[in-house]
$ cat protein.cif   # mmCIF, C-alpha atoms and all ligand atoms
data_target
loop_
_atom_site.label_atom_id
_atom_site.label_comp_id
_atom_site.auth_asym_id
_atom_site.auth_seq_id
_atom_site.Cartn_x
_atom_site.Cartn_y
_atom_site.Cartn_z
CA MET A 42 85.40 169.12 116.20
CA LEU A 43 82.88 166.28 116.01
CA ARG A 44 82.10 164.72 119.38
CA TYR A 45 79.35 163.11 121.44
CA LEU A 46 78.43 162.08 124.94
CA THR A 47 76.03 159.33 125.92
CA ALA A 48 73.68 159.17 128.92
CA GLY A 49 71.29 156.57 130.24
CA GLU A 50 71.08 153.36 132.26
CA SER A 51 70.38 149.92 130.86
CA HIS A 52 66.92 149.74 132.46
CA GLY A 53 66.29 153.48 132.79
CA PRO A 54 63.54 155.21 130.80
CA ALA A 55 65.74 156.09 127.83
CA LEU A 56 69.23 156.47 126.36
CA THR A 57 70.24 159.86 125.02
CA THR A 58 73.20 161.24 123.12
CA ILE A 59 74.14 164.73 121.96
CA VAL A 60 76.30 164.88 118.85
CA GLU A 61 78.07 168.17 118.35
CA GLY A 62 79.91 169.46 115.30
CA PHE A 63 77.94 167.42 112.74
CA PRO A 64 77.83 169.38 109.46
CA SER A 65 74.67 170.90 107.98
CA GLY A 66 73.07 169.77 104.75
CA ILE A 67 72.72 166.02 105.35
CA VAL A 68 69.37 164.25 105.16
CA LEU A 69 68.92 162.51 108.51
CA ASP A 70 67.84 159.11 107.30
CA HIS A 71 66.02 157.57 110.29
CA GLU A 72 65.45 154.28 108.56
CA PHE A 73 69.15 153.78 107.93
CA ILE A 74 69.94 154.44 111.61
CA ASN A 75 67.13 152.10 112.69
CA PHE A 76 68.46 149.43 110.32
CA GLU A 77 71.87 149.60 111.98
CA LEU A 78 70.24 149.46 115.42
CA LYS A 79 68.35 146.35 114.36
CA ARG A 80 71.57 144.70 113.22
CA ARG A 81 73.10 145.42 116.64
CA GLN A 82 70.17 143.66 118.27
CA GLY A 83 70.59 140.57 116.15
CA GLY A 84 73.06 137.72 115.75
CA TYR A 85 72.83 134.17 117.05
CA GLY A 86 73.38 133.86 120.81
CA ARG A 87 71.68 137.02 122.12
CA GLY A 88 69.51 136.88 125.25
CA LYS A 89 65.83 137.69 125.82
CA ARG A 90 66.42 141.45 126.22
CA GLN A 91 66.68 141.84 122.47
CA THR A 92 63.19 140.45 121.99
CA LEU A 93 61.85 143.05 124.43
CA GLU A 94 63.46 146.05 122.77
CA THR A 95 62.70 147.45 119.32
CA ASP A 96 65.27 150.18 119.04
CA ARG A 97 64.07 153.16 117.05
CA ILE A 98 65.63 156.56 117.14
CA PHE A 99 63.91 159.84 118.10
CA VAL A 100 65.63 162.93 116.76
CA GLU A 101 64.99 165.78 119.21
CA SER A 102 67.21 168.57 117.90
CA GLY A 103 69.60 169.60 115.14
CA THR A 104 67.42 169.20 112.05
CA TYR A 105 65.02 171.33 110.04
CA GLN A 106 62.63 169.54 107.68
CA GLY A 107 64.69 166.39 108.11
CA ILE A 108 68.03 167.98 107.15
CA THR A 109 70.86 168.61 109.61
CA THR A 110 71.46 172.27 110.48
CA GLY A 111 74.92 172.07 112.09
CA ALA A 112 73.39 172.50 115.57
CA PRO A 113 73.80 169.77 118.22
CA ILE A 114 71.80 166.66 117.33
CA THR A 115 69.98 164.92 120.18
CA LEU A 116 69.16 161.27 119.59
CA ARG A 117 66.99 159.35 122.04
CA LEU A 118 66.15 155.67 122.34
CA ALA A 119 63.37 154.57 124.67
CA ASN A 120 63.86 151.44 126.79
CA ASN A 121 60.84 149.14 126.68
CA ASP A 122 62.35 147.17 129.54
CA ALA A 123 62.48 150.25 131.82
CA LYS A 124 62.31 148.88 135.35
CA LEU A 125 65.39 150.32 137.04
CA GLU A 126 63.68 151.44 140.26
CA ARG A 127 62.15 147.98 140.79
CA LEU A 128 65.38 146.03 140.29
CA GLN A 129 67.08 144.38 143.31
CA GLN A 130 70.63 144.99 144.46
CA PRO A 131 72.75 141.94 143.60
CA ALA A 132 74.38 140.43 146.72
CA SER A 133 77.44 138.86 145.10
CA PRO A 134 79.56 140.76 142.53
CA ARG A 135 80.34 139.15 139.17
CA GLY A 136 83.98 138.79 138.19
CA GLY A 137 84.78 140.45 134.84
CA HIS A 138 82.27 143.23 135.57
CA ILE A 139 82.33 146.68 137.15
CA ASP A 140 80.29 145.34 140.12
CA LEU A 141 82.99 145.31 142.84
CA ALA A 142 85.50 147.95 141.69
CA GLY A 143 82.73 150.38 140.65
CA SER A 144 80.86 150.05 143.95
CA ILE A 145 84.07 150.86 145.84
CA ASN A 146 84.89 153.68 143.41
CA TYR A 147 81.49 155.40 143.63
CA GLN A 148 80.44 154.19 147.11
CA THR A 149 77.15 152.76 145.83
CA GLY A 150 75.50 149.40 145.47
CA ILE A 151 76.24 147.11 142.54
CA ARG A 152 73.05 148.05 140.68
CA GLN A 153 74.02 151.70 140.15
CA VAL A 154 77.31 150.86 138.48
CA LEU A 155 76.29 147.84 136.42
CA GLU A 156 73.35 149.71 134.93
CA ARG A 157 75.64 152.34 133.45
CA ALA A 158 78.48 149.96 132.51
CA SER A 159 76.05 147.75 130.57
CA ALA A 160 76.52 147.36 126.83
CA ARG A 161 72.99 148.66 126.32
CA GLU A 162 74.84 151.97 125.90
CA THR A 163 76.32 150.67 122.65
CA ALA A 164 72.92 151.20 121.00
CA LEU A 165 73.74 154.92 121.13
CA ARG A 166 77.22 154.37 119.76
CA VAL A 167 75.69 152.54 116.81
CA ALA A 168 73.16 155.35 116.30
CA VAL A 169 75.93 157.95 116.33
CA GLY A 170 78.10 155.85 114.00
CA ALA A 171 75.18 155.40 111.61
CA LEU A 172 74.72 159.17 111.61
CA ALA A 173 78.41 159.50 110.77
CA LYS A 174 77.95 157.04 107.92
CA LEU A 175 75.34 159.36 106.40
CA LEU A 176 78.16 161.91 106.01
CA LEU A 177 80.66 159.30 104.83
CA ARG A 178 78.38 157.95 102.13
CA GLU A 179 78.07 161.47 100.66
CA LEU A 180 81.86 161.35 100.33
CA HIS A 181 81.86 157.81 98.84
CA ILE A 182 83.56 156.35 101.91
CA GLN A 183 82.28 152.91 102.88
CA VAL A 184 82.63 151.20 106.26
CA TYR A 185 81.70 147.60 106.93
CA GLY A 186 82.25 145.12 109.72
CA TYR A 187 82.07 141.37 110.12
CA VAL A 188 82.97 138.52 112.44
CA SER A 189 86.23 136.78 111.53
CA GLU A 190 86.50 134.30 114.40
CA LEU A 191 84.11 133.08 117.11
CA GLY A 192 84.69 130.67 119.96
CA GLY A 193 88.11 129.85 118.45
CA ILE A 194 86.58 128.91 115.06
CA ALA A 195 88.20 130.92 112.26
CA ALA A 196 85.93 132.47 109.61
CA PRO A 197 88.25 134.40 107.28
CA PRO A 198 86.21 136.31 104.68
CA THR A 199 85.68 134.40 101.45
CA THR A 200 83.76 137.28 99.83
CA THR A 201 83.20 141.03 100.21
CA ASP A 202 79.51 140.71 99.33
CA LEU A 203 77.72 142.19 102.33
CA ALA A 204 74.53 140.34 101.42
CA VAL A 205 76.39 137.20 102.57
CA ARG A 206 77.12 138.77 105.96
CA ASP A 207 73.55 140.00 106.28
CA ALA A 208 72.27 136.48 105.62
CA SER A 209 74.70 134.94 108.12
CA PRO A 210 73.32 134.13 111.60
CA VAL A 211 76.68 135.15 113.05
CA TYR A 212 77.59 138.03 110.66
CA THR A 213 80.54 136.34 108.96
CA LEU A 214 81.62 136.67 105.33
CA ASN A 215 82.27 132.93 105.28
CA PRO A 216 79.09 130.82 105.01
CA GLU A 217 81.03 127.55 105.35
CA ALA A 218 82.17 128.44 108.85
CA ASP A 219 78.68 129.39 110.11
CA PRO A 220 77.24 125.93 111.01
CA SER A 221 80.21 125.06 113.27
CA ILE A 222 80.02 128.47 114.93
CA VAL A 223 76.29 128.12 115.58
CA ALA A 224 76.89 124.63 117.00
CA ALA A 225 79.62 126.01 119.29
CA ILE A 226 77.24 128.69 120.61
CA ASP A 227 74.58 126.02 121.27
CA ALA A 228 77.12 123.89 123.13
CA ALA A 229 78.28 126.86 125.25
CA LYS A 230 74.67 127.68 126.12
CA ALA A 231 73.95 124.10 127.13
CA ALA A 232 77.00 124.18 129.42
CA GLY A 233 75.95 127.51 131.03
CA ASP A 234 79.00 129.10 129.40
CA THR A 235 79.66 131.96 126.92
CA LEU A 236 81.87 132.64 123.86
CA GLY A 237 83.99 135.54 122.57
CA GLY A 238 85.55 136.23 119.20
CA ILE A 239 87.25 138.57 116.77
CA VAL A 240 85.59 141.21 114.62
CA GLU A 241 86.97 143.40 111.85
CA ALA A 242 86.00 146.74 110.36
CA VAL A 243 87.16 147.90 106.93
CA VAL A 244 86.99 151.47 105.59
CA THR A 245 87.41 152.06 101.86
CA GLY A 246 87.60 155.29 99.87
CA CYS A 247 89.32 157.43 102.51
CA PRO A 248 91.35 160.35 101.22
CA VAL A 249 95.09 160.38 101.90
CA GLY A 250 95.95 162.52 104.92
CA LEU A 251 93.32 161.91 107.62
CA GLY A 252 94.95 162.07 111.04
CA SER A 253 98.47 163.41 111.55
CA HIS A 254 101.97 162.37 112.54
CA VAL A 255 102.78 165.59 114.40
CA GLN A 256 101.15 164.98 117.78
CA TRP A 257 100.29 161.79 119.70
CA ASP A 258 96.62 162.55 120.17
CA ARG A 259 96.07 163.41 116.51
CA LYS A 260 97.27 160.04 115.22
CA LEU A 261 94.33 158.29 113.60
CA ASP A 262 95.43 154.79 114.62
CA ALA A 263 95.62 155.96 118.23
CA ARG A 264 92.19 157.55 118.04
CA LEU A 265 90.68 154.43 116.50
CA ALA A 266 92.29 152.24 119.16
CA LEU A 267 90.91 154.42 121.97
CA ALA A 268 87.41 154.44 120.52
CA VAL A 269 87.31 150.68 119.84
CA MET A 270 88.94 149.72 123.15
CA SER A 271 86.28 151.75 124.97
CA ILE A 272 83.56 149.38 123.75
CA GLN A 273 82.33 147.04 126.50
CA ALA A 274 84.18 143.68 126.54
CA ILE A 275 86.75 144.63 123.85
CA LYS A 276 90.16 143.50 125.11
CA GLY A 277 92.46 143.96 122.12
CA VAL A 278 92.64 146.25 119.08
CA GLU A 279 94.88 145.89 116.04
CA ILE A 280 95.40 147.96 112.90
CA GLY A 281 96.40 146.03 109.77
CA LEU A 282 98.77 143.19 110.58
CA GLY A 283 98.72 144.28 114.23
CA ILE A 284 100.44 141.96 116.70
CA GLU A 285 101.43 139.55 113.92
CA ALA A 286 103.81 142.27 112.60
CA ALA A 287 106.02 141.69 115.65
CA ARG A 288 106.64 138.09 114.56
CA ARG A 289 107.86 138.84 111.01
CA PRO A 290 111.02 140.38 109.56
CA GLY A 291 110.66 143.92 108.23
CA SER A 292 110.70 142.75 104.60
CA GLN A 293 107.43 140.89 105.25
CA VAL A 294 105.76 143.77 107.05
CA MET A 295 106.55 146.99 105.12
CA ASP A 296 104.26 147.57 102.15
CA PRO A 297 106.08 148.19 98.84
CA ILE A 298 105.10 151.33 96.91
CA ARG A 299 104.66 151.47 93.13
CA HIS A 300 103.18 153.99 90.75
CA GLU A 301 100.77 153.50 87.88
CA ASP A 302 101.61 155.37 84.70
CA VAL A 303 98.07 156.35 83.79
CA VAL A 304 96.64 158.32 86.67
CA ASP A 305 92.93 159.02 86.98
CA PRO A 306 92.72 162.72 87.98
CA GLU A 307 90.11 161.78 90.60
CA ASP A 308 92.22 158.97 92.09
CA PRO A 309 92.51 159.77 95.82
CA ARG A 310 95.86 157.90 95.91
CA PHE A 311 97.36 159.92 93.01
CA GLY A 312 98.43 156.67 91.29
CA PHE A 313 100.53 155.40 94.21
CA ARG A 314 99.65 151.81 95.01
CA ARG A 315 100.71 149.18 97.52
CA PRO A 316 100.27 145.54 96.49
CA THR A 317 100.04 144.62 100.19
CA ASN A 318 98.26 146.46 103.00
CA ASN A 319 99.98 145.26 106.16
CA ALA A 320 99.83 148.79 107.54
CA GLY A 321 96.04 148.60 107.41
CA GLY A 322 95.74 151.91 105.57
CA ILE A 323 97.51 154.03 108.20
CA GLU A 324 101.20 155.05 108.25
CA GLY A 325 102.55 157.52 110.81
CA GLY A 326 99.06 158.08 112.20
CA THR A 327 97.83 159.19 108.76
CA THR A 328 95.66 157.52 106.12
CA ASN A 329 97.59 156.49 102.99
CA GLY A 330 94.52 155.84 100.81
CA GLU A 331 94.53 152.04 101.19
CA PRO A 332 91.62 150.40 103.04
CA ILE A 333 91.74 150.95 106.81
CA ILE A 334 91.59 147.63 108.64
CA VAL A 335 90.73 147.53 112.35
CA ARG A 336 90.52 144.25 114.25
CA ALA A 337 89.11 143.84 117.76
CA ALA A 338 89.00 140.97 120.24
CA LYS A 339 85.82 140.60 122.31
CA LYS A 340 86.02 138.57 125.47
CA PRO A 341 83.28 136.06 126.28
CA ILE A 342 80.48 137.44 128.45
CA SER A 343 81.31 137.26 132.14
CA THR A 344 77.77 136.66 133.44
CA LEU A 345 77.55 132.88 133.39
CA ALA A 346 74.35 130.87 133.70
CA ALA A 347 76.54 128.32 135.50
CA ARG A 348 77.44 131.17 137.93
CA GLY A 349 81.14 131.77 138.58
CA PRO A 350 82.61 131.80 142.11
CA SER A 351 82.19 135.02 144.13
CA VAL A 352 81.44 136.15 147.68
CA ASN A 353 78.40 137.43 149.56
CA MET A 354 78.98 141.13 150.29
CA ALA A 355 77.37 140.88 153.76
CA THR A 356 79.13 137.78 155.08
CA LYS A 357 82.14 137.68 152.71
CA ALA A 358 81.50 133.94 152.57
CA PRO A 359 81.75 132.16 149.19
CA GLN A 360 78.58 132.52 147.10
CA PRO A 361 78.12 132.05 143.34
CA ALA A 362 78.12 135.33 141.36
CA THR A 363 74.74 136.86 140.65
CA TYR A 364 73.13 135.71 137.41
CA GLU A 365 71.00 138.16 135.48
CA ARG A 366 69.43 137.42 132.11
CA SER A 367 72.33 137.62 129.70
CA ASP A 368 73.66 136.94 126.24
CA VAL A 369 75.54 133.71 125.52
CA CYS A 370 77.40 135.37 122.65
CA ALA A 371 77.36 139.00 121.50
CA VAL A 372 80.23 138.83 119.01
CA PRO A 373 77.99 139.49 115.95
CA ALA A 374 76.59 142.57 117.72
CA ALA A 375 80.13 143.67 118.54
CA SER A 376 80.97 143.64 114.82
CA VAL A 377 78.17 146.18 114.24
CA ILE A 378 79.33 148.31 117.17
CA VAL A 379 82.99 148.31 116.09
CA GLU A 380 81.96 149.16 112.52
CA ASN A 381 79.94 152.15 113.68
CA VAL A 382 82.48 153.36 116.24
CA VAL A 383 85.12 153.28 113.50
CA ALA A 384 82.77 155.17 111.16
CA PHE A 385 82.38 157.91 113.75
CA GLU A 386 86.15 158.29 114.19
CA ILE A 387 86.64 158.58 110.43
CA ALA A 388 83.89 161.20 110.17
CA SER A 389 85.47 163.04 113.08
CA ALA A 390 88.89 163.00 111.37
CA ILE A 391 87.24 164.38 108.22
CA VAL A 392 85.54 167.22 110.08
CA ASP A 393 88.89 168.02 111.78
CA LYS A 394 90.85 168.07 108.54
CA TYR A 395 88.39 169.79 106.25
CA VAL A 396 86.96 172.05 108.98
CA GLY A 397 83.48 171.82 107.57
CA THR A 398 80.35 173.38 109.00
CA SER A 399 78.39 172.09 106.01
CA LEU A 400 78.49 169.13 103.64
CA GLY A 401 79.17 171.54 100.77
CA ALA A 402 82.12 173.10 102.59
CA ILE A 403 83.61 169.67 103.29
CA LYS A 404 83.24 168.58 99.65
CA ALA A 405 84.84 171.82 98.44
CA ALA A 406 87.72 171.46 100.93
CA ILE A 407 88.37 167.86 99.83
CA ARG A 408 88.47 168.99 96.17
CA SER A 409 90.84 171.87 96.85
CA MET A 410 93.09 169.76 99.09
CA HIS A 411 93.24 167.16 96.28
CA GLU A 412 94.30 169.85 93.79
CA LEU A 413 96.87 171.19 96.24
CA ALA A 414 98.35 167.71 96.69
CA ARG A 415 98.53 167.14 92.92
CA THR A 416 100.37 170.42 92.42
CA HIS A 417 102.71 169.56 95.29
CA LEU A 418 103.49 166.15 93.75
CA GLU A 419 104.31 167.78 90.39
CA GLU A 420 106.55 170.41 92.01
CA TRP A 421 108.22 167.78 94.18
CA GLY A 422 108.93 165.68 91.08
CA LYS A 423 110.53 168.68 89.35
CA THR A 424 112.68 169.48 92.40
CA VAL A 425 113.96 165.89 92.55
CA ALA A 426 114.64 165.85 88.78
CA ASN A 427 116.65 169.06 89.06
CA GLY A 428 118.75 167.54 91.87
C1 LIG B 1 76.95 143.82 122.38
C2 LIG B 1 77.37 143.45 123.77
C3 LIG B 1 76.49 142.78 124.58
C4 LIG B 1 76.84 142.41 125.85
N1 LIG B 1 75.95 141.70 126.61
C5 LIG B 1 76.30 141.30 127.85
C6 LIG B 1 75.42 140.51 128.64
O1 LIG B 1 74.30 140.16 128.22
N2 LIG B 1 75.84 140.14 129.86
C7 LIG B 1 77.06 140.48 130.36
O2 LIG B 1 77.39 140.10 131.46
N3 LIG B 1 77.93 141.21 129.64
C8 LIG B 1 77.57 141.65 128.40
N4 LIG B 1 78.46 142.38 127.67
C9 LIG B 1 79.79 142.74 128.22
C10 LIG B 1 79.75 143.74 129.36
O3 LIG B 1 79.02 144.90 129.05
C11 LIG B 1 81.18 144.11 129.78
O4 LIG B 1 81.98 142.96 129.83
C12 LIG B 1 81.17 144.74 131.15
O5 LIG B 1 80.47 145.98 131.10
C13 LIG B 1 82.56 144.97 131.73
O6 LIG B 1 83.36 145.77 130.91
P1 LIG B 1 84.72 145.25 130.28
O7 LIG B 1 84.49 143.84 129.84
O8 LIG B 1 84.97 146.16 129.13
O9 LIG B 1 85.76 145.34 131.36
C14 LIG B 1 78.12 142.76 126.37
C15 LIG B 1 79.01 143.46 125.55
C16 LIG B 1 78.66 143.80 124.25
C17 LIG B 1 79.62 144.55 123.39
#
$ encode --input "protein.cif" --output "structure tokens"
Amino acid sequence: MLRYLTAGESHGPALTTIVEGFPSGIVLDHEFINFELKRRQGGYGRGKRQTLETDRIFVESGTYQGITTGAPITLRLANNDAKLERLQQPASPRGGHIDLAGSINYQTGIRQVLERASARETALRVAVGALAKLLLRELHIQVYGYVSELGGIAAPPTTTDLAVRDASPVYTLNPEADPSIVAAIDAAKAAGDTLGGIVEAVVTGCPVGLGSHVQWDRKLDARLALAVMSIQAIKGVEIGLGIEAARRPGSQVMDPIRHEDVVDPEDPRFGFRRPTNNAGGIEGGTTNGEPIIVRAAKKPISTLAARGPSVNMATKAPQPATYERSDVCAVPAASVIVENVVAFEIASAIVDKYVGTSLGAIKAAIRSMHELARTHLEEWGKTVANG
């Protein structure tokens, strides 16, 4: 079982995570993790905090000479902007935040709950996802994310070249859409407002059979939805066609299956192909070998420079909600977070299925499972032929 917990407050001394169940034998590439952390800090529309932090990971356990040992891996990120004990208690809770419900729930001030609810925590989720990607890349599984809509402006991908996304100020794969999106962010900022959007993550190269149909909590689509929905400010998650599937007749939703005559022995799909991928790579909670497509809706940030209506907690009289330095738009960052959260869930499904304590064991299990499936398909074919 691959799992992790995070700890740390937004303005505390540091953020820490312990990742357990990560296989041995993988070079822990710090620079790759730091690169992903840098991408999370970027994107047009972020606030001043990102200029104060330079997220770099400290690995405090679980490696020997830079290679994972299978023991728990502790990752730590220092906060440059560590000033928690000096920060004031806000007097008026912000709508759309944990401020009021969390203070009632934990019987504390607003500061204690907002510090932990803050999306600063997502730096750890990106670090953990980047770690997971180090395993996935050994298995030739690729995960990438991008922004497909922002502030109501659609940016459907016009390319799969990730250099285009990395050159985009708003992490789209559609350079033509970028200037209008940037202009919309500027306009929102000038009005003291904020913008949300839609992000997508795509996973290619997954073997058939990750997840399972036999129990609700083993279904991969369910596990992905839980993980992505748990990201701060994510309000909707779809797999494949998602909600749009409800609007179409079945003939325009089910993916036809065909078979190619010449089958590459290494082909993870055993020659079975689907010309469409409305299922988004998952049928019955199980990967079918097509790309996995996860879409997530991020709400606009609730802390408004124009300050939304609220009440003073002492007098209960109307008072504008507290304003603390904030992002105008964090949708590009959300695309990096969703990508890495998805990567972790895929790695976790792999460790579950191939029960691997080491990279070598996982690779061997994938090979033998592939052989087993090929034999099964041949036998199945014979049984059908014989009636
Ligand atoms: C990358 C990222 C950055 C965020 N930055 C801010 C921010 O600067 N200010 C803010 O009020 N909310 C920000 N949020 C959203 C809040 O963390 C989130 O809305 C809040 O914790 C309440 O949780 P909920 O929206 O999931 O209910 C950000 C979210 C993400 C994913």
$ residues_near_ligand --input "protein.cif" --ligand "ligand LIG 1 (chain B)" --cutoff "10 Å" --atoms "all atoms listed in the file" --output "PyMOL selection string"
chain A and resi 81-84+86-91+135-140+154-164+235+237+270-276+339-346+364-379
$ residues_around --input "protein.cif" --residues "Ile59 (chain A)" --least-positions-apart "6" --cutoff "8 Å" --atoms "only C-alpha atoms" --output "list in words"
Tyr45, Leu46, Thr47, Pro113, Ile114, Thr115 and Leu116 of chain A
$ residues_around --input "protein.cif" --residues "Ala132 (chain A)" --least-positions-apart "6" --cutoff "8 Å" --atoms "only C-alpha atoms" --output "ChimeraX atom specification"
/A:353-355,363
$ atom_distance --input "protein.cif" --atom1 "CA of Gln183 (chain A)" --atom2 "CA of Asp296 (chain A)"
22.6 Å
$ residues_around --input "protein.cif" --residues "region 417-423 of chain A" --least-positions-apart "4" --cutoff "12 Å" --atoms "all atoms listed in the file" --output "list in words"
Arg310, Phe311, Gly312, Phe313, Met410, His411, Glu412, Leu413, Asn427 and Gly428 of chain A
$ write_last_selection --input "protein.cif" --atoms "C-alpha atoms" --output "PDB file, in the frame of the given file"
ATOM      1  CA  ARG A 310      95.860 157.900  95.910  1.00  0.00           C
ATOM      2  CA  PHE A 311      97.360 159.920  93.010  1.00  0.00           C
ATOM      3  CA  GLY A 312      98.430 156.670  91.290  1.00  0.00           C
ATOM      4  CA  PHE A 313     100.530 155.400  94.210  1.00  0.00           C
ATOM      5  CA  MET A 410      93.090 169.760  99.090  1.00  0.00           C
ATOM      6  CA  HIS A 411      93.240 167.160  96.280  1.00  0.00           C
ATOM      7  CA  GLU A 412      94.300 169.850  93.790  1.00  0.00           C
ATOM      8  CA  LEU A 413      96.870 171.190  96.240  1.00  0.00           C
ATOM      9  CA  ASN A 427     116.650 169.060  89.060  1.00  0.00           C
ATOM     10  CA  GLY A 428     118.750 167.540  91.870  1.00  0.00           C
TER      11      GLY A 428
END
$ build_atoms --input "protein.cif" --residues "region 251-258 of chain A" --atoms "all heavy atoms" --output "mmCIF file, in the coordinates of the input"
data_model
loop_
_atom_site.group_PDB
_atom_site.id
_atom_site.type_symbol
_atom_site.label_atom_id
_atom_site.label_comp_id
_atom_site.auth_asym_id
_atom_site.auth_seq_id
_atom_site.Cartn_x
_atom_site.Cartn_y
_atom_site.Cartn_z
ATOM 1 N N LEU A 251 94.134 161.755 106.404
ATOM 2 C CA LEU A 251 93.320 161.910 107.620
ATOM 3 C C LEU A 251 94.201 161.545 108.805
ATOM 4 O O LEU A 251 94.961 160.585 108.758
ATOM 5 C CB LEU A 251 92.098 160.989 107.601
ATOM 6 C CG LEU A 251 91.067 161.237 106.517
ATOM 7 C CD1 LEU A 251 89.890 160.284 106.691
ATOM 8 C CD2 LEU A 251 90.593 162.681 106.537
ATOM 9 N N GLY A 252 94.067 162.276 109.896
ATOM 10 C CA GLY A 252 94.950 162.070 111.040
ATOM 11 C C GLY A 252 96.208 162.900 110.842
ATOM 12 O O GLY A 252 96.271 163.753 109.945
ATOM 13 N N SER A 253 97.216 162.648 111.664
ATOM 14 C CA SER A 253 98.470 163.410 111.550
ATOM 15 C C SER A 253 99.579 162.689 112.292
ATOM 16 O O SER A 253 99.315 161.955 113.248
ATOM 17 C CB SER A 253 98.282 164.809 112.140
ATOM 18 O OG SER A 253 99.525 165.476 112.147
ATOM 19 N N HIS A 254 100.815 162.957 111.844
ATOM 20 C CA HIS A 254 101.970 162.370 112.540
ATOM 21 C C HIS A 254 102.529 163.315 113.595
ATOM 22 O O HIS A 254 103.408 162.944 114.346
ATOM 23 C CB HIS A 254 103.085 162.052 111.533
ATOM 24 C CG HIS A 254 103.643 163.289 110.879
ATOM 25 N ND1 HIS A 254 102.949 163.960 109.893
ATOM 26 C CD2 HIS A 254 104.771 163.990 111.099
ATOM 27 C CE1 HIS A 254 103.660 165.019 109.520
ATOM 28 N NE2 HIS A 254 104.767 165.062 110.246
ATOM 29 N N VAL A 255 102.031 164.574 113.642
ATOM 30 C CA VAL A 255 102.780 165.590 114.400
ATOM 31 C C VAL A 255 102.518 165.575 115.905
ATOM 32 O O VAL A 255 103.319 166.121 116.654
ATOM 33 C CB VAL A 255 102.552 167.029 113.842
ATOM 34 C CG1 VAL A 255 102.946 167.115 112.386
ATOM 35 C CG2 VAL A 255 101.129 167.495 114.082
ATOM 36 N N GLN A 256 101.437 164.981 116.345
ATOM 37 C CA GLN A 256 101.150 164.980 117.780
ATOM 38 C C GLN A 256 100.447 163.683 118.147
ATOM 39 O O GLN A 256 99.595 163.199 117.408
ATOM 40 C CB GLN A 256 100.263 166.179 118.122
ATOM 41 C CG GLN A 256 100.257 166.574 119.577
ATOM 42 C CD GLN A 256 101.637 166.914 120.123
ATOM 43 O OE1 GLN A 256 102.283 166.088 120.746
ATOM 44 N NE2 GLN A 256 102.117 168.131 119.859
ATOM 45 N N TRP A 257 100.771 163.128 119.319
ATOM 46 C CA TRP A 257 100.290 161.790 119.700
ATOM 47 C C TRP A 257 98.770 161.666 119.646
ATOM 48 O O TRP A 257 98.238 160.661 119.199
ATOM 49 C CB TRP A 257 100.829 161.411 121.083
ATOM 50 C CG TRP A 257 100.336 162.298 122.195
ATOM 51 C CD1 TRP A 257 100.903 163.454 122.625
ATOM 52 C CD2 TRP A 257 99.172 162.102 122.999
ATOM 53 N NE1 TRP A 257 100.172 163.999 123.645
ATOM 54 C CE2 TRP A 257 99.104 163.184 123.902
ATOM 55 C CE3 TRP A 257 98.180 161.125 123.053
ATOM 56 C CZ2 TRP A 257 98.085 163.318 124.839
ATOM 57 C CZ3 TRP A 257 97.162 161.260 123.982
ATOM 58 C CH2 TRP A 257 97.111 162.347 124.865
ATOM 59 N N ASP A 258 98.073 162.705 120.085
ATOM 60 C CA ASP A 258 96.620 162.550 120.170
ATOM 61 C C ASP A 258 95.916 162.918 118.870
ATOM 62 O O ASP A 258 94.689 162.957 118.820
ATOM 63 C CB ASP A 258 96.058 163.337 121.363
ATOM 64 C CG ASP A 258 96.342 164.824 121.283
ATOM 65 O OD1 ASP A 258 97.123 165.244 120.396
ATOM 66 O OD2 ASP A 258 95.786 165.573 122.106
#
